[in-house]
Amino acid sequence: MMVPPIALVTDFGLADWYVGVMKAVILSVNPEVSLIDVTHSVPPQDVLAADFAVLASYAYLPQGSVVVVVVDPGVGGERRVLCAVSEGRSYVFPDNGVLTGLLDRAGFDSLVKVENSEYFLEPVSSTFHGRDIFAPVAAHLSLGVEPERLGPMVSDYVRLDIPRPELRGDRAITRIRWVDGFGNLITDCQDIVLDELCGTRGDLSIDLGPKGEIPVVSTYQSVEPNHPAAMIGSSGCLEISIREGSAARALGLTIGDTVTLKKR
Amino acid sequence: MMVPPIALVTDFGLADWYVGVMKAVILSVNPEVSLIDVTHSVPPQDVLAADFAVLASYAYLPQGSVVVVVVDPGVGGERRVLCAVSEGRSYVFPDNGVLTGLLDRAGFDSLVKVENSEYFLEPVSSTFHGRDIFAPVAAHLSLGVEPERLGPMVSDYVRLDIPRPELRGDRAITRIRWVDGFGNLITDCQDIVLDELCGTRGDLSIDLGPKGEIPVVSTYQSVEPNHPAAMIGSSGCLEISIREGSAARALGLTIGDTVTLKKR
Amino acid sequence: MMVPPIALVTDFGLADWYVGVMKAVILSVNPEVSLIDVTHSVPPQDVLAADFAVLASYAYLPQGSVVVVVVDPGVGGERRVLCAVSEGRSYVFPDNGVLTGLLDRAGFDSLVKVENSEYFLEPVSSTFHGRDIFAPVAAHLSLGVEPERLGPMVSDYVRLDIPRPELRGDRAITRIRWVDGFGNLITDCQDIVLDELCGTRGDLSIDLGPKGEIPVVSTYQSVEPNHPAAMIGSSGCLEISIREGSAARALGLTIGDTVTLKKR
């Protein structure tokens with residue numbers, strides 16, 4: 001039988017042995033599994049940013065993948081660990097809202113509370129459930145263990161109240177959800193919002209107030225180097241970029257800031 | 001037969017092709033093997049830090065793993081390359097003391113000097129034994145080559161004189177061995193030292209002199225955000241952390257610094 | 001049949017999900033393939049630096065490897081995607097000169113324009129061909145798809161005019177092609193240039209003008225800590241290093257700078 005891969009989304013960074021130890025635990029349980037590092041650079045404990053990283057990537061993960069999300073400021077406290085099955089993939093995650101966007105968009109077929117310690121590494125520490133719970137549970141899922149074996153079905157989960165783009169007349173208020181390594185500012189504004197606002201891209205711009213306007217374009221090729229422009233990027237959302245430069249640095253904007261889109 | 005994974009501990013960082021080339025050499029010899037990046041962010045040529053990274057992670061590596069440690073300031077000189085078998089795992093490492101802590105704690109079943117160039121990449125450069133010796137030797141070990149084939153048994157190896165926590169009356173002098181990506185300060189002080197000093201965690205604190213005291217607690221949940229606290233962390237040692245902040249930056253402490261633990 | 005690995009060279013960095021999504025697409029097509037991260041830290045859009053990273057690493061990649069190079073400032077524009085077969089390895093790359101050095105040195109057996117969308121992820125975005133074209137094409141190649149299936153044979157490709165070391169009497173003008181994570185300055189000066197200039201290494205030095213001279217040596221062991229020296233490094237080219245320090249920082253030199261080699 002083909003073994004599906006395990007994909008990892010964490011805020012552990014790559015400087016320490018934390019991710020390596022999670023992989024060591026996974027391969028101890030399932031030596032054949034492939035591992036995909038989606039990202040380990042979620043800003044520390046930033047549940048909202050992790051939510052966005054999952055939304056931007058999940059559709060590309062192979063059918064049957066097991067996705068482990070460890071952005072977990074509540075580790076060692078009362079928060080639950082959950083396992084959801086959604087569109088043929090399994091997700092193991094702390095119940096802190098980190099999958100709000102995914103479960104809203106894709107829905108889920110089942111949701112269980114992970115509590116069967118038969119699948120944990122013993123003893124379970126109070127500080128590193130990534131190693132002691134998430135990793136071994138994911139490895140067992142990749143071996144074919146049914147989610148129902150992990151614990152009881154539950155119907156509720158923590159949902160974050162994530163702001164969405166707001167249409168206000170001929171304007172839309174959007175938010176920066178991720179700043180990538182090139183300094184591109186990725187907003188929550190999907191294609192469909194642009195369509196509602198205006199049929200023609202060329203008629204839209206981002207209004208930075210006294211700092212001026214940024215045109216919404218269709219390809220990077222239509223912009224001069226070192227000039228900012230916005231376009232629907234690879235994550236399906238509007239991004240502000242500077243060709244051969246960092247929009248984050250040049251514009252002084254970061255995660256959580258709002259930007260206003262308007263008709264020109 | 002199941003192929004055990006190869007785990008890598010280096011100071012090569014991830015910016016260059018050095019780790020990738022080691023993996024390319026490994027997969028040329030053993031195309032089936034899984035690879036675990038424990039860490040490539042050991043501070044350059046810091047043998048003591050590498051010693052600690054191995055100690056913090058080895059117990060989680062699958063039985064049969066081959067562990068490659070390349071923190072090797074003496075590359076190209078007279079230092080030997082050794083292979084040790086310890087608790088069912090094989091280690092290939094430069095004889096510079098980098099496994100002092102591991103071999104002290106776990107002992108070893110056999111120790112050989114690696115000198116059989118049949119298992120090397122030829123020609124062997126004078127600057128990159130990670131690629132030319134460590135990687136291909138590890139790959140052959142993962143294929144089942146017996147360590148005895150690599151070279152003659154030896155009984156001695158370089159042992160670093162690593163300071164241990166010192167009990168002085170109602171105080172213990174401990175040392176910071178690693179600063180992780182979150183800015184947590186990980187000391188050499190294991191649980192057992194706390195037990196010797198005092199039965200109750202709540203009675204202990206870290207004495208920073210004029211900078212005040214830091215309480216020793218049992219879980220992060222018992223500390224306010226932005227306040228420092230110390231607890232036994234995931235590596236089994238006392239760590240100083242600041243919830244939602246960097247203890248390293250806030251306290252101005254780093255690898256090698258001593259901290260004093262005392263009864264309150 | 002043994003599946004050859006896929007090796008990745010990109011400027012995507014590791015902070016975002018871009019590399020992870022490429023791997024997800026690859027494993028969706030070929031779940032068995034091994035992946036080698038050669039480097040993802042090519043300076044953004046620096047085609048010349050990527051050219052050098054490939055030159056420094058390709059000879060170590062297993063026979064049959066599929067190499068994906070995504071340093072692609074022209075994404076979404078008119079530039080072609082090519083596939084070359086060279087010395088038993090396949091390369092998928094944007095036609096922007098990024099393989100100039102490799103194709104000059106190793107030659108190629110075949111060269112095709114990649115245009116058969118049967119092997120693409122649909123719809124193809126205008127910003128992320130790494131995910132939509134390069135990754136799935138590489139995965140199909142690793143499954144044994146013949147390059148001829150990807151598109152028509154072509155005979156021309158973009159060649160960069162990369163300066164080579166120049167001999168001028170008893171001097172050679174060389175260029176820094178890469179600065180590694182340790183701060184070593186790697187030049188384009190291969191062993192053979194030193195031979196042409198002078199038979200004996202000990203008679204050569206690097207002339208920094210008013211900043212003095214740096215000796216060319218045979219091993220790091222012959223240099224004092226914190227003193228700069230130059231030697232043929234692991235990439236086969238002359239490197240300027242400072243034992244236990246960063247030559248880049250100490251000397252204020254970086255990618256693209258020239259350095260002069262002379263007889264002492």
# chains A, B, ... in the order shown; residues from 1 in each chain; ligands from 1
$ interface_residues --of "chain C" --to "chain A" --cutoff "6 Å" --atoms "only C-alpha atoms" --output "list of chain:residue names"
C:Ala15, C:Asp16, C:Trp17, C:Gly20, C:Ala24, C:Val25, C:Ser28, C:Thr127, C:Phe128
$ write_last_selection --atoms "N, CA, C and O atoms" --output "mmCIF file, in the first residue's frame"
data_model
loop_
_atom_site.group_PDB
_atom_site.id
_atom_site.type_symbol
_atom_site.label_atom_id
_atom_site.label_comp_id
_atom_site.auth_asym_id
_atom_site.auth_seq_id
_atom_site.Cartn_x
_atom_site.Cartn_y
_atom_site.Cartn_z
ATOM 1 N N ALA C 15 11.632 30.294 4.521
ATOM 2 C CA ALA C 15 10.708 30.870 5.488
ATOM 3 C C ALA C 15 9.244 30.639 5.105
ATOM 4 O O ALA C 15 8.378 30.634 5.969
ATOM 5 N N ASP C 16 8.978 30.458 3.828
ATOM 6 C CA ASP C 16 7.597 30.378 3.361
ATOM 7 C C ASP C 16 7.252 28.949 2.935
ATOM 8 O O ASP C 16 8.055 28.050 3.078
ATOM 9 N N TRP C 17 6.055 28.766 2.403
ATOM 10 C CA TRP C 17 5.600 27.437 1.997
ATOM 11 C C TRP C 17 5.946 27.132 0.543
ATOM 12 O O TRP C 17 5.527 26.100 0.023
ATOM 13 N N GLY C 20 7.933 23.902 0.141
ATOM 14 C CA GLY C 20 7.066 22.815 0.610
ATOM 15 C C GLY C 20 5.977 22.489 -0.399
ATOM 16 O O GLY C 20 5.650 21.319 -0.622
ATOM 17 N N ALA C 24 5.201 19.099 -2.350
ATOM 18 C CA ALA C 24 3.877 18.482 -2.299
ATOM 19 C C ALA C 24 3.418 18.107 -3.703
ATOM 20 O O ALA C 24 2.875 17.019 -3.930
ATOM 21 N N VAL C 25 3.643 18.996 -4.663
ATOM 22 C CA VAL C 25 3.258 18.713 -6.052
ATOM 23 C C VAL C 25 4.075 17.536 -6.601
ATOM 24 O O VAL C 25 3.540 16.626 -7.246
ATOM 25 N N SER C 28 2.849 14.332 -5.124
ATOM 26 C CA SER C 28 1.536 13.958 -5.652
ATOM 27 C C SER C 28 1.684 13.166 -6.943
ATOM 28 O O SER C 28 0.888 12.278 -7.239
ATOM 29 N N THR C 127 2.741 33.589 -11.708
ATOM 30 C CA THR C 127 3.777 33.984 -10.753
ATOM 31 C C THR C 127 4.562 32.822 -10.153
ATOM 32 O O THR C 127 5.602 33.036 -9.541
ATOM 33 N N PHE C 128 4.091 31.582 -10.271
ATOM 34 C CA PHE C 128 4.738 30.482 -9.552
ATOM 35 C C PHE C 128 4.866 29.251 -10.465
ATOM 36 O O PHE C 128 4.230 28.229 -10.234
#
$ residues_around --residues "Thr258 of chain C" --least-positions-apart "4" --cutoff "7 Å" --atoms "only C-alpha atoms" --output "JSON list (two decimals) with N, CA, C and O atoms, in the first residue's frame"
[["chain", "number", "residue", "atom", "x", "y", "z"],
["C", 173, "ILE", "N", 43.18, 38.09, -12.69],
["C", 173, "ILE", "CA", 42.03, 38.81, -12.15],
["C", 173, "ILE", "C", 40.90, 37.80, -12.00],
["C", 173, "ILE", "O", 40.46, 37.19, -12.98],
["C", 174, "THR", "N", 40.42, 37.60, -10.77],
["C", 174, "THR", "CA", 39.36, 36.62, -10.52],
["C", 174, "THR", "C", 38.17, 37.32, -9.87],
["C", 174, "THR", "O", 38.27, 38.48, -9.45],
["C", 175, "ARG", "N", 37.05, 36.61, -9.83],
["C", 175, "ARG", "CA", 35.82, 37.22, -9.29],
["C", 175, "ARG", "C", 35.22, 36.37, -8.18],
["C", 175, "ARG", "O", 35.27, 35.14, -8.24],
["C", 176, "ILE", "N", 34.62, 37.03, -7.20],
["C", 176, "ILE", "CA", 33.91, 36.33, -6.14],
["C", 176, "ILE", "C", 32.54, 35.92, -6.67],
["C", 176, "ILE", "O", 31.76, 36.76, -7.11]]
$ closest_residue --among "B:Ala248, B:Leu238, B:Met153, B:Leu27" --to "Pro165 of chain B" --atoms "only C-alpha atoms"
B:Leu238
$ select_by_dssp --residues "segment 150-234 of chain C" --states "strand (DSSP E or B)" --output "number ranges by chain"
C: 153, 166-168, 171-179, 185-190, 204-207, 213-216, 228-232
$ residues_around --residues "Thr100 of chain B" --least-positions-apart "4" --cutoff "12 Å" --atoms "only C-alpha atoms" --output "compact mmCIF listing (two decimals) with C-alpha atoms, in the first residue's frame"
# COMPACT_ATOMS: atom_id res chain seq x y z
CA VAL B 47 32.20 21.42 19.53
CA LEU B 48 30.65 21.92 22.98
CA ALA B 49 27.36 23.10 21.50
CA ALA B 50 27.27 20.13 19.14
CA ASP B 51 27.87 17.82 22.10
CA PHE B 52 24.76 19.26 23.72
CA ALA B 53 22.64 19.06 20.55
CA VAL B 54 23.41 15.34 20.33
CA LEU B 55 22.60 14.79 24.00
CA ALA B 84 31.11 4.40 17.79
CA PHE B 93 32.35 11.83 14.14
CA PRO B 94 35.65 13.69 14.27
CA ASP B 95 37.76 12.79 17.30
CA ASN B 96 37.61 16.23 18.88
CA ASP B 104 29.74 9.43 29.14
CA ARG B 105 26.01 9.01 29.51
CA ALA B 106 25.19 6.12 27.17
CA GLY B 107 28.53 4.33 26.90
CA PHE B 108 29.51 2.45 23.75
CA ASP B 156 40.84 5.96 23.50
CA TYR B 157 39.12 9.07 22.23
CA VAL B 158 39.33 12.79 22.93
CA ARG B 159 37.22 13.68 25.97
CA LEU B 160 36.40 17.30 26.66
CA ASP B 161 36.45 18.45 30.25
CA ILE B 162 32.89 19.74 30.24
CA PRO B 163 31.92 21.53 33.46
$ select_by_dssp --residues "segment 57-142 of chain C" --states "helix (DSSP H, G or I)" --output "JSON, numbers by chain"
{"C": [57, 58, 59, 60, 100, 101, 102, 103, 104, 105, 106, 117, 118, 119, 129, 130, 131, 132, 133, 134, 135, 136, 137, 138, 139, 140, 141, 142]}
$ atom_distance --atom1 "atom CA of Leu251 of chain A" --atom2 "atom CA of Asn184 of chain A"
10.5 Å
$ decode --residues "segment 93-109 of chain B" --atoms "N, CA, C and O atoms" --output "PDB file, in the first residue's frame"
ATOM      1  N   PHE B  93      32.053  10.495  13.593  1.00  0.00           N
ATOM      2  CA  PHE B  93      32.351  11.826  14.144  1.00  0.00           C
ATOM      3  C   PHE B  93      33.851  12.084  14.163  1.00  0.00           C
ATOM      4  O   PHE B  93      34.643  11.154  14.214  1.00  0.00           O
ATOM      5  N   PRO B  94      34.227  13.364  14.148  1.00  0.00           N
ATOM      6  CA  PRO B  94      35.647  13.695  14.268  1.00  0.00           C
ATOM      7  C   PRO B  94      36.080  13.532  15.729  1.00  0.00           C
ATOM      8  O   PRO B  94      35.308  13.817  16.644  1.00  0.00           O
ATOM      9  N   ASP B  95      37.284  13.077  15.938  1.00  0.00           N
ATOM     10  CA  ASP B  95      37.762  12.792  17.297  1.00  0.00           C
ATOM     11  C   ASP B  95      38.246  14.080  17.967  1.00  0.00           C
ATOM     12  O   ASP B  95      39.439  14.284  18.213  1.00  0.00           O
ATOM     13  N   ASN B  96      37.277  14.945  18.260  1.00  0.00           N
ATOM     14  CA  ASN B  96      37.606  16.229  18.882  1.00  0.00           C
ATOM     15  C   ASN B  96      36.799  16.457  20.157  1.00  0.00           C
ATOM     16  O   ASN B  96      36.687  17.578  20.636  1.00  0.00           O
ATOM     17  N   GLY B  97      36.194  15.383  20.670  1.00  0.00           N
ATOM     18  CA  GLY B  97      35.446  15.507  21.915  1.00  0.00           C
ATOM     19  C   GLY B  97      33.965  15.765  21.714  1.00  0.00           C
ATOM     20  O   GLY B  97      33.210  15.876  22.686  1.00  0.00           O
ATOM     21  N   VAL B  98      33.518  15.807  20.470  1.00  0.00           N
ATOM     22  CA  VAL B  98      32.155  16.229  20.185  1.00  0.00           C
ATOM     23  C   VAL B  98      31.100  15.268  20.745  1.00  0.00           C
ATOM     24  O   VAL B  98      29.948  15.655  20.905  1.00  0.00           O
ATOM     25  N   LEU B  99      31.500  14.019  21.068  1.00  0.00           N
ATOM     26  CA  LEU B  99      30.527  13.084  21.656  1.00  0.00           C
ATOM     27  C   LEU B  99      30.811  12.805  23.127  1.00  0.00           C
ATOM     28  O   LEU B  99      30.346  11.810  23.679  1.00  0.00           O
ATOM     29  N   THR B 100      31.563  13.679  23.785  1.00  0.00           N
ATOM     30  CA  THR B 100      31.917  13.450  25.188  1.00  0.00           C
ATOM     31  C   THR B 100      30.684  13.163  26.046  1.00  0.00           C
ATOM     32  O   THR B 100      30.636  12.172  26.777  1.00  0.00           O
ATOM     33  N   GLY B 101      29.690  14.008  25.954  1.00  0.00           N
ATOM     34  CA  GLY B 101      28.501  13.851  26.788  1.00  0.00           C
ATOM     35  C   GLY B 101      27.756  12.569  26.482  1.00  0.00           C
ATOM     36  O   GLY B 101      27.346  11.830  27.384  1.00  0.00           O
ATOM     37  N   LEU B 102      27.595  12.267  25.223  1.00  0.00           N
ATOM     38  CA  LEU B 102      26.876  11.048  24.831  1.00  0.00           C
ATOM     39  C   LEU B 102      27.589   9.800  25.326  1.00  0.00           C
ATOM     40  O   LEU B 102      26.971   8.903  25.898  1.00  0.00           O
ATOM     41  N   LEU B 103      28.906   9.726  25.080  1.00  0.00           N
ATOM     42  CA  LEU B 103      29.630   8.505  25.439  1.00  0.00           C
ATOM     43  C   LEU B 103      29.734   8.369  26.956  1.00  0.00           C
ATOM     44  O   LEU B 103      29.716   7.257  27.485  1.00  0.00           O
ATOM     45  N   ASP B 104      29.785   9.487  27.675  1.00  0.00           N
ATOM     46  CA  ASP B 104      29.744   9.434  29.137  1.00  0.00           C
ATOM     47  C   ASP B 104      28.396   8.888  29.616  1.00  0.00           C
ATOM     48  O   ASP B 104      28.324   8.074  30.530  1.00  0.00           O
ATOM     49  N   ARG B 105      27.332   9.374  29.006  1.00  0.00           N
ATOM     50  CA  ARG B 105      26.012   9.009  29.507  1.00  0.00           C
ATOM     51  C   ARG B 105      25.584   7.621  29.035  1.00  0.00           C
ATOM     52  O   ARG B 105      25.107   6.810  29.824  1.00  0.00           O
ATOM     53  N   ALA B 106      25.752   7.349  27.739  1.00  0.00           N
ATOM     54  CA  ALA B 106      25.191   6.120  27.172  1.00  0.00           C
ATOM     55  C   ALA B 106      26.223   5.010  27.020  1.00  0.00           C
ATOM     56  O   ALA B 106      25.866   3.855  26.821  1.00  0.00           O
ATOM     57  N   GLY B 107      27.500   5.337  27.126  1.00  0.00           N
ATOM     58  CA  GLY B 107      28.531   4.329  26.896  1.00  0.00           C
ATOM     59  C   GLY B 107      28.584   3.902  25.443  1.00  0.00           C
ATOM     60  O   GLY B 107      27.877   4.456  24.604  1.00  0.00           O
ATOM     61  N   PHE B 108      29.458   2.922  25.139  1.00  0.00           N
ATOM     62  CA  PHE B 108      29.509   2.448  23.751  1.00  0.00           C
ATOM     63  C   PHE B 108      29.930   0.985  23.726  1.00  0.00           C
ATOM     64  O   PHE B 108      30.625   0.505  24.620  1.00  0.00           O
ATOM     65  N   ASP B 109      29.488   0.288  22.695  1.00  0.00           N
ATOM     66  CA  ASP B 109      29.792  -1.128  22.533  1.00  0.00           C
ATOM     67  C   ASP B 109      31.056  -1.338  21.728  1.00  0.00           C
ATOM     68  O   ASP B 109      31.746  -2.336  21.902  1.00  0.00           O
TER      69      ASP B 109
END
